[in-house]
Amino acid sequence: MKRIVSLWFPKLSTDRLARASRKDWSYRAAATVVWHDGCPRLAAVNPHARAAGLRPRMRLADARALLPDLVTEAGEPQADCRLIETIAGWCDRYTPWVAIDPLGSALADDFETACSAGGFGGDAGLLLDVTGCTHLFGEGENGERALLADLVTRLARRDLSCRAAMADTAGAAWALARFAERQADLFCPSRGQRDALASLPVEGLRLDAPILEAFLKLGLRRIGDLYPMPRAPLVRRFGDQPLNRLDQALGTLAEPIEPRRIPPAFRTRLAFAEPIGRAEDVAAATSRLLAALCHQFEQAGVGARRLEIALYRVDGSVDRTSIGTSRPNRDNPKLMKLFEERLGELDPGFGVELMILSAPEVEAWSGTQDALPDQESPGVASGVDGTIDLADRLALRLGAGNVVRLLTRDSHLPERVQVAAPVSSKPAAAGAWRRVASLKGARPTRLLQRPEPVEVTAFVPDDPPSVFHWRRHAHRIVRADGPERIANEWWRPRSDGTHPPAGTLPPVRDYYRVEDDDGGRFWLFRDGPYQLAANGQPTARWFLHGFCA
């Protein structure tokens with residue numbers, strides 16, 4: 001059974017300003033202001049302003065009439081969004097499954113939309129799927145209650161007003177966090193959401209305003225009032241939303257919630273009795289976490305492609321860094337060498353109280369040696385010289401995009417048969433053109449970036465060249481092999497995005513492997529069959545494209 005925690009920050013906007021060391025927001029009546037419906041209105045008010053009778057959505061002029069010395073500041077929805085994102089990152093210490101609460105507004109698709117639309121109240125929320133995570137705080141229900149208490153206590157130390165509720169469903173936890181009257185009601189035992197929701201107001205079902213007004217007129221004020229109601233008449237009068245929301249809250253209808261980050265498949269954590277701050281201690285803790293994670297890899301038969309280490313500091317901030325590997329890797333010493341390149345970038349601040357090591361990307365372990373794979377057999381290593389280990393370390397220092405390798409591509413054109421890709425890219429599978437290319441002649445060991453024109457003399461126009469001039473030097477050919485005809489890829493669009501007209505023949509190249517009297521070997525081609533233009537000049541031209549071994 002799933003266990004979901006709903007965190008509600010009823011005064012996020014005002015807490016953000018109070019945390020910014022603005023004394024007016026801590027000791028005087030203050031409010032944020034947004035422009036709405038053609039006039040400035042209060043968006044969020046602090047406790048002093050609320051005690052004076054001010055409420056969100058009130059016109060600023062009316063608020064000034066009640067409280068002339070009201071401290072105001074322009075609302076910053078984007079700043080609130082950044083703060084809730086920061087809090088969500090901090091909540092990763094409890095579970096990797098954290099979502100910005102999408103249930104907060106029945107009229108908004110997401111939290112950022114509600115903020116940008118001038119959402120009144122300055123509140124926000126998070127959803128945490130803590131299934132399988134509560135055992136870190138105790139066994140059974142005691143562990144769940146301890147997790148809730150620890151969560152609220154730590155947020156209160158950061159001067160954040162918060163209510164946290166736990167239930168089997170996101171809808172039930174959301175309703176309890178916002179409408180439960182007693183502190184004890186914030187915890188809903190497993191499979192107890194029906195009884196826990198019965199006494200809550202119908203606003204806890206996140207219904208549209210017209211439906212809520214109709215329910216109140218009919219005397220349906222509590223969620224429990226809907227339990228004995230016939231379902232068919234409710235659907236005919238109010239549509240599917242009321243019953244869908246009720247079923248989602250009770251757990252009879254699934255309600256998927258997308259986490260802000262994809263939860264890693266493998267993760268390990270280490271909490272400290274006292275905060276640590278020395279670089280040696282951080283490295284030792286990383287080595288310990290890495291050993292535990294590599295053991296998980298061995299049991300699952302996988303290797304890591306990317307690892308991330310997160311330091312949770314005592315001031316509530318989080319510092320992260322990650323490493324990547326070009327092949328699945330579960331070798332503890334080699335992975336630790338990669339982390340040593342990055343640990344110096346981490347700042348422990350005033351101390352680290354928790355470290356979490358996760359593997360966002362893993363792949364099946366093939367059992368191959370640590371070396372560059374053979375292009376003809378991607379799964380077979382071509383050596384054990386530690387080249388991959390060196391490439392991974394260079395990628396960490398220079399950037400993953402600055403360390404590249406050549407990968408094969410499904411194309412028969414010499415200039416397109418390979419493509420430069422980051423060293424961590426997977427080798428391409430053997431395609432049809434690679435199998436066809438294996439039947440052709442050998443390719444040059446060095447290919448020019450752009451073919452260079454040459455002047456050619458041949459005994460017969462369609463024969464191989466006997467002499468060619470390149471860079472003011474004459475090369476007399478003593479041996480030639482060819483031609484090998486290669487047609488352009490007519491199905492690929494031109495540079496302007498258009499395709500060749502139907503019925504036209506694609507241009508072709510006739511390639512020759514030649515050797516001159518000095519022993520040099522070259523790869524020449526003629527761009528099309530030999531033809532004469534109207535002026536009597538040949539239309540075909542010759543080019544040098546590469547050098548053979």
# chains A, B, ... in the order shown; residues from 1 in each chain; ligands from 1
>>> residues_around(residues="Trp97 (chain A)", least_positions_apart="2", cutoff="10 Å", atoms="only C-alpha atoms", output="PyMOL selection string")
chain A and resi 4+88+91-92+94-95+99+127-131+257-264
>>> select_by_dssp(residues="region 61-248 of chain A", states="strand (DSSP E or B)", output="PyMOL selection string")
chain A and resi 71-74+98-100+124-129+163-167+187+201+222
>>> write_last_selection(atoms="C-alpha atoms", output="mmCIF file, in the first residue's frame")
data_model
loop_
_atom_site.group_PDB
_atom_site.id
_atom_site.type_symbol
_atom_site.label_atom_id
_atom_site.label_comp_id
_atom_site.auth_asym_id
_atom_site.auth_seq_id
_atom_site.Cartn_x
_atom_site.Cartn_y
_atom_site.Cartn_z
ATOM 1 C CA VAL A 71 3.920 47.451 4.559
ATOM 2 C CA THR A 72 3.531 46.262 0.963
ATOM 3 C CA GLU A 73 5.756 44.669 -1.611
ATOM 4 C CA ALA A 74 5.157 43.510 -5.163
ATOM 5 C CA VAL A 98 8.944 14.313 -4.749
ATOM 6 C CA ALA A 99 6.406 16.291 -6.800
ATOM 7 C CA ILE A 100 5.405 19.944 -6.828
ATOM 8 C CA ALA A 124 2.123 26.080 -2.118
ATOM 9 C CA GLY A 125 2.510 22.380 -1.550
ATOM 10 C CA LEU A 126 4.546 19.248 -2.176
ATOM 11 C CA LEU A 127 3.691 15.565 -2.468
ATOM 12 C CA LEU A 128 6.103 12.888 -1.228
ATOM 13 C CA ASP A 129 5.727 9.184 -1.907
ATOM 14 C CA ARG A 163 1.395 21.312 7.789
ATOM 15 C CA ALA A 164 2.142 17.706 6.857
ATOM 16 C CA ALA A 165 -0.376 14.894 6.499
ATOM 17 C CA MET A 166 0.070 11.244 5.567
ATOM 18 C CA ALA A 167 -2.451 8.914 3.942
ATOM 19 C CA PHE A 187 -1.950 11.118 10.317
ATOM 20 C CA PRO A 201 -15.559 19.891 4.270
ATOM 21 C CA ARG A 222 -19.034 17.275 4.539
#
>>> residues_around(residues="Arg157 (chain A)", least_positions_apart="4", cutoff="12 Å", atoms="only C-alpha atoms", output="NGL selection string")
:A and (19 or 150-153 or 161-162 or 314-316)
>>> residues_around(residues="region 411-422 of chain A", least_positions_apart="6", cutoff="6 Å", atoms="only C-alpha atoms", output="PDB file with N, CA, C and O atoms, in the first residue's frame")
ATOM      1  N   GLY A 401      31.069  16.891 -23.654  1.00  0.00           N
ATOM      2  CA  GLY A 401      30.966  17.188 -25.070  1.00  0.00           C
ATOM      3  C   GLY A 401      32.289  17.438 -25.757  1.00  0.00           C
ATOM      4  O   GLY A 401      32.336  17.535 -26.995  1.00  0.00           O
ATOM      5  N   VAL A 403      35.107  15.473 -25.296  1.00  0.00           N
ATOM      6  CA  VAL A 403      35.820  14.213 -25.492  1.00  0.00           C
ATOM      7  C   VAL A 403      34.923  13.336 -26.355  1.00  0.00           C
ATOM      8  O   VAL A 403      33.871  12.879 -25.900  1.00  0.00           O
ATOM      9  N   VAL A 404      35.318  13.142 -27.601  1.00  0.00           N
ATOM     10  CA  VAL A 404      34.440  12.470 -28.557  1.00  0.00           C
ATOM     11  C   VAL A 404      35.115  11.229 -29.114  1.00  0.00           C
ATOM     12  O   VAL A 404      36.323  11.042 -28.988  1.00  0.00           O
ATOM     13  N   ARG A 405      34.324  10.408 -29.752  1.00  0.00           N
ATOM     14  CA  ARG A 405      34.789   9.226 -30.447  1.00  0.00           C
ATOM     15  C   ARG A 405      34.009   9.134 -31.750  1.00  0.00           C
ATOM     16  O   ARG A 405      32.976   9.788 -31.928  1.00  0.00           O
ATOM     17  N   TRP A 433      23.783  -0.805 -44.281  1.00  0.00           N
ATOM     18  CA  TRP A 433      24.862  -0.230 -45.086  1.00  0.00           C
ATOM     19  C   TRP A 433      26.228  -0.698 -44.601  1.00  0.00           C
ATOM     20  O   TRP A 433      27.154  -0.841 -45.384  1.00  0.00           O
TER      21      TRP A 433
END
>>> residues_around(residues="Pro451 (chain A)", least_positions_apart="4", cutoff="10 Å", atoms="only C-alpha atoms", output="ChimeraX atom specification")
/A:415,447,524-525,542-546
>>> residues_around(residues="Ala146 (chain A)", least_positions_apart="6", cutoff="9 Å", atoms="only C-alpha atoms", output="tab-separated table (two decimals) with N, CA and C atoms, in the first residue's frame")
chain	number	residue	atom	x	y	z
A	134	THR	N	9.87	4.75	5.33
A	134	THR	CA	9.62	5.07	6.74
A	134	THR	C	10.39	4.18	7.70
A	137	PHE	N	13.09	5.51	10.05
A	137	PHE	CA	12.76	6.26	11.26
A	137	PHE	C	12.10	5.39	12.32
A	138	GLY	N	11.85	4.13	12.00
A	138	GLY	CA	11.22	3.23	12.97
A	138	GLY	C	10.38	2.20	12.25
>>> residues_around(residues="Ser466 (chain A)", least_positions_apart="5", cutoff="9 Å", atoms="only C-alpha atoms", output="number ranges by chain")
A: 456-459, 475-480
>>> write_last_selection(atoms="C-alpha atoms", output="mmCIF file, in the first residue's frame")
data_model
loop_
_atom_site.group_PDB
_atom_site.id
_atom_site.type_symbol
_atom_site.label_atom_id
_atom_site.label_comp_id
_atom_site.auth_asym_id
_atom_site.auth_seq_id
_atom_site.Cartn_x
_atom_site.Cartn_y
_atom_site.Cartn_z
ATOM 1 C CA VAL A 456 43.624 13.814 -64.546
ATOM 2 C CA THR A 457 44.966 12.365 -67.779
ATOM 3 C CA ALA A 458 43.650 9.038 -69.035
ATOM 4 C CA PHE A 459 44.353 7.004 -72.171
ATOM 5 C CA HIS A 475 51.736 11.664 -59.837
ATOM 6 C CA ARG A 476 52.330 8.940 -62.433
ATOM 7 C CA ILE A 477 50.052 6.001 -61.728
ATOM 8 C CA VAL A 478 51.508 2.525 -61.982
ATOM 9 C CA ARG A 479 48.611 0.542 -60.479
ATOM 10 C CA ALA A 480 44.849 1.193 -60.296
#
>>> closest_residue(among="A:Ser326, A:Trp8, A:Val34, A:Tyr530", to="Val460 (chain A)", atoms="only C-alpha atoms")
A:Tyr530
>>> select_by_dssp(residues="region 279-398 of chain A", states="alpha helix (DSSP H)", output="count of residues only")
43
>>> closest_residue(among="A:Leu335, A:Leu66, A:Leu343, A:Ala254", to="Val282 (chain A)", atoms="only C-alpha atoms")
A:Leu343
>>> atom_distance(atom1="CA of Thr445 (chain A)", atom2="CA of Arg513 (chain A)")
12.1 Å
>>> closest_residue(among="A:Arg3, A:Arg191, A:Arg41, A:Arg28", to="Leu147 (chain A)", atoms="only C-alpha atoms")
A:Arg3
>>> closest_residue(among="A:Pro453, A:Pro507, A:Gly301, A:Gly349", to="Pro328 (chain A)", atoms="only C-alpha atoms")
A:Gly301
